[in-house]
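Taking it in order: structure first as structure tokens, then the write-up.
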Amino acid sequence: MNKPLITILDDEPAIRSMLSEALQDAGYETKTFARATEFEQALRRTTPDVCLVDLGLPDRDGLSLVHRLALEQGATVIIISGRAQVQDKITGLELGADDYIIKPFDPAEVVARVRARLRTRATPTPTGQTAKFNGWTAHFDRYSLEDAEGTETPFSHAEGEVLRLFLESPNRLITRDYMQDTLGGAAGDSFDRAMDVRISRLRTKLREDPKNPRLIKTIYGAGYIFLGDVTWA
């Protein structure tokens, strides 16, 4: 059985070594990179299961790389960064990252977050890869939303997890606790912000009125309800 591959992109040798050792001890295969250019070259030959990406890279802005990984390749991306401002975290999540870990960190926390993301991806789903609802088609095999005219809009892996959760349980209340248990990630304000960002981006891609959304309804103090008729193929 092949070990899951975790790539580590960080320009600090000590962090690369620390994370690689912790992840290997946990049973994962790792590859480390100091620069975005060498990391992107490696992506042409292999597909990692999880990408750990620092934002402060010497040869490229890490945020633009996160955006490409999430939207073009549907990769699972965890940002590891010393940027601790709330806006930095929101921006990273908006661009498609699945999680955001602030430096300094305990390697055990990173391993736990990686394990949670892999567990989410490995969980079998009773539905297919294509869902039709209210004039839209969601293609989970290529991470894309298609409207009635055939125009496609990409979504990230993180956004896709939330969308699938809604489409698999239409017209039912989905609590934040259930979302946290199902999707993984750290509980608390960080998880809540991540969900808010992903749901906001999904509403935008579904061309919802932010003041009166038709499909993804917020039930204040409880969670969300997806109002739609869904068929899977």
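Just so we're on the same page: first chain in the structure tokens is A, next is B, and so on; residues restart at 1 for each chain, and ligands are numbered from 1 in the order they show up.
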Item to check | Exercise: segment 48-62 of chain A partners within 10 Å, only C-alpha atoms, chain neighbours under 6 positions left out, as a PyMOL selection string | outcome: chain A and resi 3-12+16+19+29-37+42+69-70+75-83+88+92+97-103+110+114-115+117-118+121
Segment 131-221 of chain A near segment 225-229 of chain A within 9 Å: what's each residue's closest atom pair and its distance in Å to one decimal, counting only C-alpha atoms, ordered by chain then ascending residue number, as a Markdown table?
| residue | atom | partner | partner_atom | distance |
| --- | --- | --- | --- | --- |
| A:Lys132 | CA | A:Asp229 | CA | 8.1 |
| A:Phe133 | CA | A:Asp229 | CA | 5.5 |
| A:Asn134 | CA | A:Gly228 | CA | 6.3 |
| A:Phe166 | CA | A:Phe226 | CA | 5.7 |
| A:Leu167 | CA | A:Phe226 | CA | 7.3 |
| A:Ser169 | CA | A:Phe226 | CA | 7.6 |
| A:Pro170 | CA | A:Phe226 | CA | 5.1 |
| A:Asn171 | CA | A:Leu227 | CA | 5.1 |
| A:Arg172 | CA | A:Ile225 | CA | 5.6 |
| A:Leu173 | CA | A:Ile225 | CA | 4.9 |
| A:Ile174 | CA | A:Ile225 | CA | 6.1 |
| A:Thr175 | CA | A:Ile225 | CA | 8.8 |
| A:Arg214 | CA | A:Leu227 | CA | 7.1 |
| A:Leu215 | CA | A:Leu227 | CA | 4.8 |
| A:Ile216 | CA | A:Phe226 | CA | 4.7 |
| A:Lys217 | CA | A:Ile225 | CA | 5.2 |
| A:Thr218 | CA | A:Ile225 | CA | 6.6 |
| A:Ile219 | CA | A:Ile225 | CA | 7.2 |
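For the residues A:Glu208, A:Glu94, A:Glu161, A:Glu168, ranking by smallest atom-to-atom distance to Thr120 of chain A using only C-alpha atoms places A:Glu161 first.
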Item to check | Long-range neighbours of Leu206 of chain A as JSON, numbers by chain, 10 Å cut-off, only C-alpha atoms, 6 positions minimum in chain | outcome: {"A": [136, 145, 146, 147, 153, 200, 213, 214, 215, 216]}
Convert the current residue selection to file output with all heavy atoms, as a PDB file, in the first residue's frame.
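Here's the written file out36.pdb:
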ATOM      1  N   TRP A 136     -28.194  24.337 -12.241  1.00  0.00           N
ATOM      2  CA  TRP A 136     -26.743  24.207 -12.136  1.00  0.00           C
ATOM      3  C   TRP A 136     -26.328  22.740 -12.193  1.00  0.00           C
ATOM      4  O   TRP A 136     -27.105  21.849 -11.820  1.00  0.00           O
ATOM      5  CB  TRP A 136     -26.225  24.793 -10.822  1.00  0.00           C
ATOM      6  CG  TRP A 136     -26.344  26.276 -10.718  1.00  0.00           C
ATOM      7  CD1 TRP A 136     -27.387  27.000 -10.200  1.00  0.00           C
ATOM      8  CD2 TRP A 136     -25.371  27.230 -11.145  1.00  0.00           C
ATOM      9  NE1 TRP A 136     -27.118  28.343 -10.283  1.00  0.00           N
ATOM     10  CE2 TRP A 136     -25.897  28.516 -10.847  1.00  0.00           C
ATOM     11  CE3 TRP A 136     -24.107  27.123 -11.737  1.00  0.00           C
ATOM     12  CZ2 TRP A 136     -25.193  29.683 -11.136  1.00  0.00           C
ATOM     13  CZ3 TRP A 136     -23.413  28.289 -12.021  1.00  0.00           C
ATOM     14  CH2 TRP A 136     -23.957  29.549 -11.724  1.00  0.00           C
ATOM     15  N   LEU A 145     -18.436  24.317 -11.573  1.00  0.00           N
ATOM     16  CA  LEU A 145     -19.879  24.565 -11.600  1.00  0.00           C
ATOM     17  C   LEU A 145     -20.271  24.998 -13.003  1.00  0.00           C
ATOM     18  O   LEU A 145     -19.657  25.904 -13.575  1.00  0.00           O
ATOM     19  CB  LEU A 145     -20.249  25.673 -10.606  1.00  0.00           C
ATOM     20  CG  LEU A 145     -20.502  25.289  -9.155  1.00  0.00           C
ATOM     21  CD1 LEU A 145     -20.602  26.551  -8.296  1.00  0.00           C
ATOM     22  CD2 LEU A 145     -21.785  24.473  -9.020  1.00  0.00           C
ATOM     23  N   GLU A 146     -21.312  24.370 -13.548  1.00  0.00           N
ATOM     24  CA  GLU A 146     -21.779  24.697 -14.895  1.00  0.00           C
ATOM     25  C   GLU A 146     -23.196  25.244 -14.825  1.00  0.00           C
ATOM     26  O   GLU A 146     -24.082  24.630 -14.220  1.00  0.00           O
ATOM     27  CB  GLU A 146     -21.748  23.444 -15.766  1.00  0.00           C
ATOM     28  CG  GLU A 146     -22.198  23.668 -17.200  1.00  0.00           C
ATOM     29  CD  GLU A 146     -22.174  22.388 -18.013  1.00  0.00           C
ATOM     30  OE1 GLU A 146     -21.742  21.342 -17.465  1.00  0.00           O
ATOM     31  OE2 GLU A 146     -22.607  22.420 -19.180  1.00  0.00           O
ATOM     32  N   ASP A 147     -23.425  26.420 -15.450  1.00  0.00           N
ATOM     33  CA  ASP A 147     -24.765  26.991 -15.433  1.00  0.00           C
ATOM     34  C   ASP A 147     -25.591  26.445 -16.594  1.00  0.00           C
ATOM     35  O   ASP A 147     -25.121  25.600 -17.383  1.00  0.00           O
ATOM     36  CB  ASP A 147     -24.712  28.520 -15.450  1.00  0.00           C
ATOM     37  CG  ASP A 147     -24.142  29.102 -16.740  1.00  0.00           C
ATOM     38  OD1 ASP A 147     -24.042  28.370 -17.741  1.00  0.00           O
ATOM     39  OD2 ASP A 147     -23.802  30.303 -16.738  1.00  0.00           O
ATOM     40  N   THR A 153     -17.559  27.553 -13.998  1.00  0.00           N
ATOM     41  CA  THR A 153     -16.797  28.318 -13.014  1.00  0.00           C
ATOM     42  C   THR A 153     -16.101  27.335 -12.093  1.00  0.00           C
ATOM     43  O   THR A 153     -16.753  26.483 -11.490  1.00  0.00           O
ATOM     44  CB  THR A 153     -17.727  29.226 -12.185  1.00  0.00           C
ATOM     45  OG1 THR A 153     -18.444  30.109 -13.061  1.00  0.00           O
ATOM     46  CG2 THR A 153     -16.926  30.048 -11.179  1.00  0.00           C
ATOM     47  N   SER A 200     -19.468  31.970   1.522  1.00  0.00           N
ATOM     48  CA  SER A 200     -19.585  33.241   0.805  1.00  0.00           C
ATOM     49  C   SER A 200     -19.123  33.096  -0.635  1.00  0.00           C
ATOM     50  O   SER A 200     -19.762  33.596  -1.574  1.00  0.00           O
ATOM     51  CB  SER A 200     -18.759  34.317   1.515  1.00  0.00           C
ATOM     52  OG  SER A 200     -18.766  35.527   0.774  1.00  0.00           O
ATOM     53  N   PRO A 213     -30.070  35.178  -0.137  1.00  0.00           N
ATOM     54  CA  PRO A 213     -29.701  33.997  -0.930  1.00  0.00           C
ATOM     55  C   PRO A 213     -30.861  33.020  -1.047  1.00  0.00           C
ATOM     56  O   PRO A 213     -31.606  32.794  -0.096  1.00  0.00           O
ATOM     57  CB  PRO A 213     -28.534  33.393  -0.137  1.00  0.00           C
ATOM     58  CG  PRO A 213     -28.705  33.899   1.253  1.00  0.00           C
ATOM     59  CD  PRO A 213     -29.317  35.255   1.129  1.00  0.00           C
ATOM     60  N   ARG A 214     -30.988  32.417  -2.240  1.00  0.00           N
ATOM     61  CA  ARG A 214     -32.089  31.493  -2.493  1.00  0.00           C
ATOM     62  C   ARG A 214     -31.736  30.052  -2.142  1.00  0.00           C
ATOM     63  O   ARG A 214     -32.595  29.272  -1.745  1.00  0.00           O
ATOM     64  CB  ARG A 214     -32.501  31.539  -3.965  1.00  0.00           C
ATOM     65  CG  ARG A 214     -33.020  32.876  -4.445  1.00  0.00           C
ATOM     66  CD  ARG A 214     -33.249  32.873  -5.948  1.00  0.00           C
ATOM     67  NE  ARG A 214     -31.994  32.670  -6.680  1.00  0.00           N
ATOM     68  CZ  ARG A 214     -31.631  31.540  -7.264  1.00  0.00           C
ATOM     69  NH1 ARG A 214     -32.431  30.502  -7.207  1.00  0.00           N
ATOM     70  NH2 ARG A 214     -30.486  31.447  -7.899  1.00  0.00           N
ATOM     71  N   LEU A 215     -30.468  29.698  -2.305  1.00  0.00           N
ATOM     72  CA  LEU A 215     -30.073  28.303  -2.159  1.00  0.00           C
ATOM     73  C   LEU A 215     -29.468  27.987  -0.798  1.00  0.00           C
ATOM     74  O   LEU A 215     -29.918  27.064  -0.119  1.00  0.00           O
ATOM     75  CB  LEU A 215     -29.080  27.929  -3.274  1.00  0.00           C
ATOM     76  CG  LEU A 215     -29.646  27.901  -4.697  1.00  0.00           C
ATOM     77  CD1 LEU A 215     -28.529  27.688  -5.708  1.00  0.00           C
ATOM     78  CD2 LEU A 215     -30.702  26.820  -4.826  1.00  0.00           C
ATOM     79  N   ILE A 216     -28.437  28.735  -0.406  1.00  0.00           N
ATOM     80  CA  ILE A 216     -27.757  28.463   0.859  1.00  0.00           C
ATOM     81  C   ILE A 216     -28.243  29.460   1.903  1.00  0.00           C
ATOM     82  O   ILE A 216     -27.844  30.618   1.911  1.00  0.00           O
ATOM     83  CB  ILE A 216     -26.225  28.557   0.704  1.00  0.00           C
ATOM     84  CG1 ILE A 216     -25.743  27.616  -0.404  1.00  0.00           C
ATOM     85  CG2 ILE A 216     -25.540  28.198   2.024  1.00  0.00           C
ATOM     86  CD1 ILE A 216     -24.266  27.750  -0.717  1.00  0.00           C
TER      87      ILE A 216
END
Next on the checklist: If we count only C-alpha atoms and set the cut-off at 10 Å, which residues sit around Arg176 of chain A, ignoring sequence neighbours fewer than 4 positions away in its own chain? Please answer as a PyMOL selection string.
Outcome noted: chain A and resi 180-182+187+191-192+195+221-224
Save the residues we just selected, N, CA and C atoms, as a PDB file, in the first residue's frame?
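As written to disk, again-v8.pdb reads:
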ATOM      1  N   GLN A 180     -18.025  20.633  11.250  1.00  0.00           N
ATOM      2  CA  GLN A 180     -16.683  20.471  11.800  1.00  0.00           C
ATOM      3  C   GLN A 180     -16.328  18.991  11.935  1.00  0.00           C
ATOM      4  N   ASP A 181     -17.273  18.189  12.404  1.00  0.00           N
ATOM      5  CA  ASP A 181     -17.036  16.752  12.559  1.00  0.00           C
ATOM      6  C   ASP A 181     -16.805  16.076  11.203  1.00  0.00           C
ATOM      7  N   THR A 182     -17.542  16.523  10.185  1.00  0.00           N
ATOM      8  CA  THR A 182     -17.483  15.883   8.878  1.00  0.00           C
ATOM      9  C   THR A 182     -16.284  16.336   8.059  1.00  0.00           C
ATOM     10  N   ALA A 187     -11.383  23.208  15.538  1.00  0.00           N
ATOM     11  CA  ALA A 187     -12.628  23.800  15.993  1.00  0.00           C
ATOM     12  C   ALA A 187     -12.377  25.219  16.495  1.00  0.00           C
ATOM     13  N   PHE A 191     -12.140  27.720  12.443  1.00  0.00           N
ATOM     14  CA  PHE A 191     -13.002  26.894  11.600  1.00  0.00           C
ATOM     15  C   PHE A 191     -14.228  27.678  11.149  1.00  0.00           C
ATOM     16  N   ASP A 192     -14.831  28.437  12.063  1.00  0.00           N
ATOM     17  CA  ASP A 192     -16.011  29.222  11.708  1.00  0.00           C
ATOM     18  C   ASP A 192     -15.704  30.222  10.603  1.00  0.00           C
ATOM     19  N   MET A 195     -15.398  28.403   7.263  1.00  0.00           N
ATOM     20  CA  MET A 195     -16.700  28.060   6.694  1.00  0.00           C
ATOM     21  C   MET A 195     -17.401  29.295   6.130  1.00  0.00           C
ATOM     22  N   GLY A 221     -27.525  31.034  14.609  1.00  0.00           N
ATOM     23  CA  GLY A 221     -27.437  30.303  15.863  1.00  0.00           C
ATOM     24  C   GLY A 221     -27.558  28.801  15.713  1.00  0.00           C
ATOM     25  N   ALA A 222     -27.790  28.336  14.468  1.00  0.00           N
ATOM     26  CA  ALA A 222     -27.990  26.902  14.262  1.00  0.00           C
ATOM     27  C   ALA A 222     -27.076  26.334  13.175  1.00  0.00           C
ATOM     28  N   GLY A 223     -27.072  26.946  11.985  1.00  0.00           N
ATOM     29  CA  GLY A 223     -26.267  26.415  10.885  1.00  0.00           C
ATOM     30  C   GLY A 223     -26.779  26.880   9.545  1.00  0.00           C
ATOM     31  N   TYR A 224     -26.923  25.944   8.607  1.00  0.00           N
ATOM     32  CA  TYR A 224     -27.318  26.291   7.238  1.00  0.00           C
ATOM     33  C   TYR A 224     -28.314  25.263   6.714  1.00  0.00           C
TER      34      TYR A 224
END
Item to check | helix (DSSP H, G or I) positions in segment 102-196 of chain A, given as a PyMOL selection string | outcome: chain A and resi 107-122+157-168+176-183+189-196
Item to check | Residues of segment 121-227 of chain A in strand (DSSP E), written as number ranges by chain | outcome: A: 130-133, 136-139, 144-146, 152-154, 173-175, 216-219, 223-226
Only C-alpha atoms, please: the residues just picked out, written as an mmCIF file, in the first residue's frame.
data_model
loop_
_atom_site.group_PDB
_atom_site.id
_atom_site.type_symbol
_atom_site.label_atom_id
_atom_site.label_comp_id
_atom_site.auth_asym_id
_atom_site.auth_seq_id
_atom_site.Cartn_x
_atom_site.Cartn_y
_atom_site.Cartn_z
ATOM 1 C CA THR A 130 -22.067 15.019 -10.842
ATOM 2 C CA ALA A 131 -25.053 16.741 -9.225
ATOM 3 C CA LYS A 132 -27.785 18.758 -10.926
ATOM 4 C CA PHE A 133 -29.773 21.360 -8.998
ATOM 5 C CA TRP A 136 -26.743 24.207 -12.136
ATOM 6 C CA THR A 137 -24.494 21.178 -12.572
ATOM 7 C CA ALA A 138 -21.669 20.524 -10.114
ATOM 8 C CA HIS A 139 -18.817 18.453 -11.558
ATOM 9 C CA SER A 144 -16.396 23.011 -11.701
ATOM 10 C CA LEU A 145 -19.879 24.565 -11.600
ATOM 11 C CA GLU A 146 -21.779 24.697 -14.895
ATOM 12 C CA GLU A 152 -18.259 26.777 -16.177
ATOM 13 C CA THR A 153 -16.797 28.318 -13.014
ATOM 14 C CA PRO A 154 -14.064 26.461 -11.112
ATOM 15 C CA LEU A 173 -30.419 21.746 8.746
ATOM 16 C CA ILE A 174 -26.656 21.302 8.765
ATOM 17 C CA THR A 175 -25.153 22.513 12.023
ATOM 18 C CA ILE A 216 -27.757 28.463 0.859
ATOM 19 C CA LYS A 217 -29.742 29.863 3.767
ATOM 20 C CA THR A 218 -28.152 30.829 7.072
ATOM 21 C CA ILE A 219 -30.117 29.773 10.150
ATOM 22 C CA GLY A 223 -26.267 26.415 10.885
ATOM 23 C CA TYR A 224 -27.318 26.291 7.238
ATOM 24 C CA ILE A 225 -29.980 24.801 4.987
ATOM 25 C CA PHE A 226 -29.502 24.153 1.267
#
Checklist entry - When distances are computed from only C-alpha atoms, which of A:His67, A:Lys89, A:Arg44, A:Arg119 shows the smallest separation from Phe155 of chain A? => result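 Of the candidates, the smallest distance to Phe155 of chain A is held by A:His67.
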